[in-house]
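**Student:** Structure in structure tokens, see below.
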Amino acid sequence: MLGLVPLLTPAWMPALLFAGILLLQGCSLLPSKESAETDTTTSPVSGETRESKGGEAFTVDVQAPDSVREYLERNLEIQRYRQLDDLGAIELSRLMVAAEANARELLNTVGYFTPTLTLELRETPGAKAPREVRITVVPGELTRVSNVQIDFSGPIAEDKESEPRRDAIRVDWPMRAGQPFNQQAWDNAKTAAQRNLTARRYATGSILTSRAEIDADRSEAKLGITLDSGPAYRFGPLVVQGNERFDADSVRRLARVPFGSDYDRQQLLDAQQRLAGSGYFESVFLTLDTHGTDPLAAPVIAQVREAPLQKVVAGVGFTTDSGVRFSLDHIHNSMPILGWRAVSGLYFDRDKQTIGTEWSAIPGDNGWRSFGSAQLKSEVSGSYTVDSGRLRGGRSQASDHIDRSYFLQYDYAQNHGFDPPPSASALSLNWGWTGRYFDNAAAPTRGQGVSLELGAGYTLTGERAPFTRTYIRWVGFVPFGTVESADRSQARSGRIQLRSELGAVVASDTAQIPTTLGFLTGGDTTVRGYGYRSIGAVRPDGTVIAGRYLGVASIEWQRPFVYQGKMTDWESTVFIDAGAVADHPNELETKVGVGVGARWRSPIGPVQIDVAYGIDVQKFRLHLRLGFTF
């Protein structure tokens, strides 16, 4: 039987009182409004943050000269906490104290060591944020370099033959007396000095000591650095790692590291580029082994990963000369029996279709290699379509700046169209030389390149007649004028680009010279304002054929483009092109094109955009081109 106990009996009173006390203690553990502001959220000054409820707690207004305002706005730590919309006044005050120290530190890094700072907290009801932190900056006098002391230790300090190196490092030091001092420039100068030291002979050179003594009262900085050269190094034997199909001797002949010569970083990079550009390897990395016992014969470690034995590569491109271009290449890196490399391809565009193959051997110790090639082509040439074939065999040598070749060549050409020139064939012995002396092979801004081709042979169709063929091509870049950004923090040089081409096939008038050995011009890289290969020798009926004499000249002014006071990756150009082709020198009639254009330094190479007016044809043409080749 269940009994009921009266609720208000004396036995229940202590129990109710005890339960009430526990309940009150539990309520005291719940977060109050005040504790949520100060206890449950860590102060932003400590570097931790909490989630924003939307909006901003404050804005930051930096009142400072243009030379430092943007830098402070971008780097002040207080900017990180603007989105914390429930900041309390105490926390914001702490942030402002930290912001003053942070601003002084930032100003020190850019050379201002005596700034005057004023921080204000302003109420801004109805604005973007309820409060505004205003930081007023008077940066003071800019600290400048007063003295630079560069010392050396190690063999470079004791070797009299190294005196030119020491002088060169001192001359190349970028922070001169009188120049503004800032931390980034100081770090960059030290890095540049070390790179200059280790560029040749002293591969393990390092900075032994460095100091920057700042006199804030006089706004002067005294700089000192001591460079330790370490031992002098020379190139030793090439040690190949990762090769399977090609033996170490083949890799050595491809790399051409100058064994026994003084270490030179650029020569090591050139050897690495030769291996990478050979097509035999997917990746290449060359390093000097500085952990050995004999620095005068330091091994060069070549870590390679070989390319597949065979591969097929498809591609697509576009130029205004010939429209969309499709290509399909097959590469065999070690042909059976010969062991040569074979590159065969099929190429197709609006005006030209080509199929061909080229075989080449690994070069010998002197850099020369044997090669052979065969090609069939159908292309629009002047007013006609020409079907041609070519066989070539000889020797070639490619160095860092100079390419050489000599070869025996057979040419055959058959013309199609109304009243075409007769078919012709010829056999010739040829020699070629190309020199490239640019500051940048992919996007040059100064320097020059020249190419020369000489050939002598006999025609094999119709009358057997001797002939000679000469072709010269030259391009040069000459600095011309300097363009600066509005604040003069950036500057680039403009330049004049000059081009010229000369060609001549000397033979009797009755000699039947293959059309492919003649000359045509016009297009993106020759005479702009005219169609691709549309300028040639004009026959009495008005048709155009490849001529025996060629002359082309061009002058172009390329100038960096500044937008809204800042330097860009674009350049503007104006140009004049002129060219002529004929069968006799006294018949050359110059065709002129003028125009304007733009150059874009894109991540994949220079892009050329030109609008040209052909004065002879009285038409405008658009010319587009990607990359630079010579």
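Residues in the structure tokens are numbered from 1 in each chain, the chains being A, B, ... in the order shown, and ligands are numbered from 1 in the order shown.
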Within 12 Å of Tyr437 in chain A, counting only C-alpha atoms, which residues qualify if same-chain residues fewer than 4 places away don't, as a compact mmCIF listing (two decimals) with C-alpha atoms, in the first residue's frame?
**Tutor:**
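Now in out_11.txt:
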# COMPACT_ATOMS: atom_id res chain seq x y z
CA ASP A 400 75.05 28.42 -76.38
CA HIS A 401 74.96 31.31 -78.83
CA ILE A 402 76.11 29.97 -82.18
CA ASP A 403 74.68 27.30 -84.51
CA ALA A 441 66.42 34.53 -75.84
CA ALA A 442 62.63 34.28 -75.29
CA PRO A 444 64.87 40.15 -75.79
CA THR A 445 65.14 43.83 -74.90
CA ARG A 446 68.68 44.40 -76.11
CA GLY A 447 71.28 42.63 -78.23
CA GLN A 448 71.27 41.24 -81.73
CA GLY A 449 71.02 38.11 -83.84
CA VAL A 450 72.42 37.39 -87.28
CA SER A 451 71.95 34.43 -89.62
CA TRP A 474 69.62 40.41 -88.88
CA VAL A 475 67.61 41.78 -85.96
CA GLY A 476 68.81 44.18 -83.27
CA PHE A 477 67.40 45.84 -80.15
CA PHE A 630 65.40 33.74 -84.26
**Student:** Considering only C-alpha atoms, return as a ChimeraX atom specification whatever protein or nucleic-acid residues lie within 8 Å of Thr143 in chain A, sequence-local ones (same chain, fewer than 6 positions apart) excluded.
**Tutor:** /A:111-113,180-181,216,219-221
**Student:** Which residue out of A:Val68, A:Ala101, A:Ala582, A:Met567 has the minimum interatomic distance to Arg488 in chain A when only C-alpha atoms are used?
**Tutor:** A:Met567
**Student:** Can you tell me, as a VMD selection string, which residues in range 383-442 of chain A count as strand (DSSP E or B) by DSSP?
**Tutor:** chain A and resid 384 to 398 402 to 416 424 to 438
**Student:** Could you list, as a PyMOL selection string, every residue within 12 Å of Leu95 in chain A, counting only C-alpha atoms and ignoring same-chain residues fewer than 5 positions away?
**Tutor:** chain A and resi 43-47+58+60+76-82+87-90+100-103+119-121+133
**Student:** Give the helix (DSSP H, G or I) residues of range 393-604 of chain A, as DSSP finds them on the backbone, and put them as a list in words.
**Tutor:**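 So the helix (DSSP H, G or I) residues in range 393-604 of chain A would be Thr515, Thr516, Leu517, Pro585, Asn586 and Glu587 of chain A.
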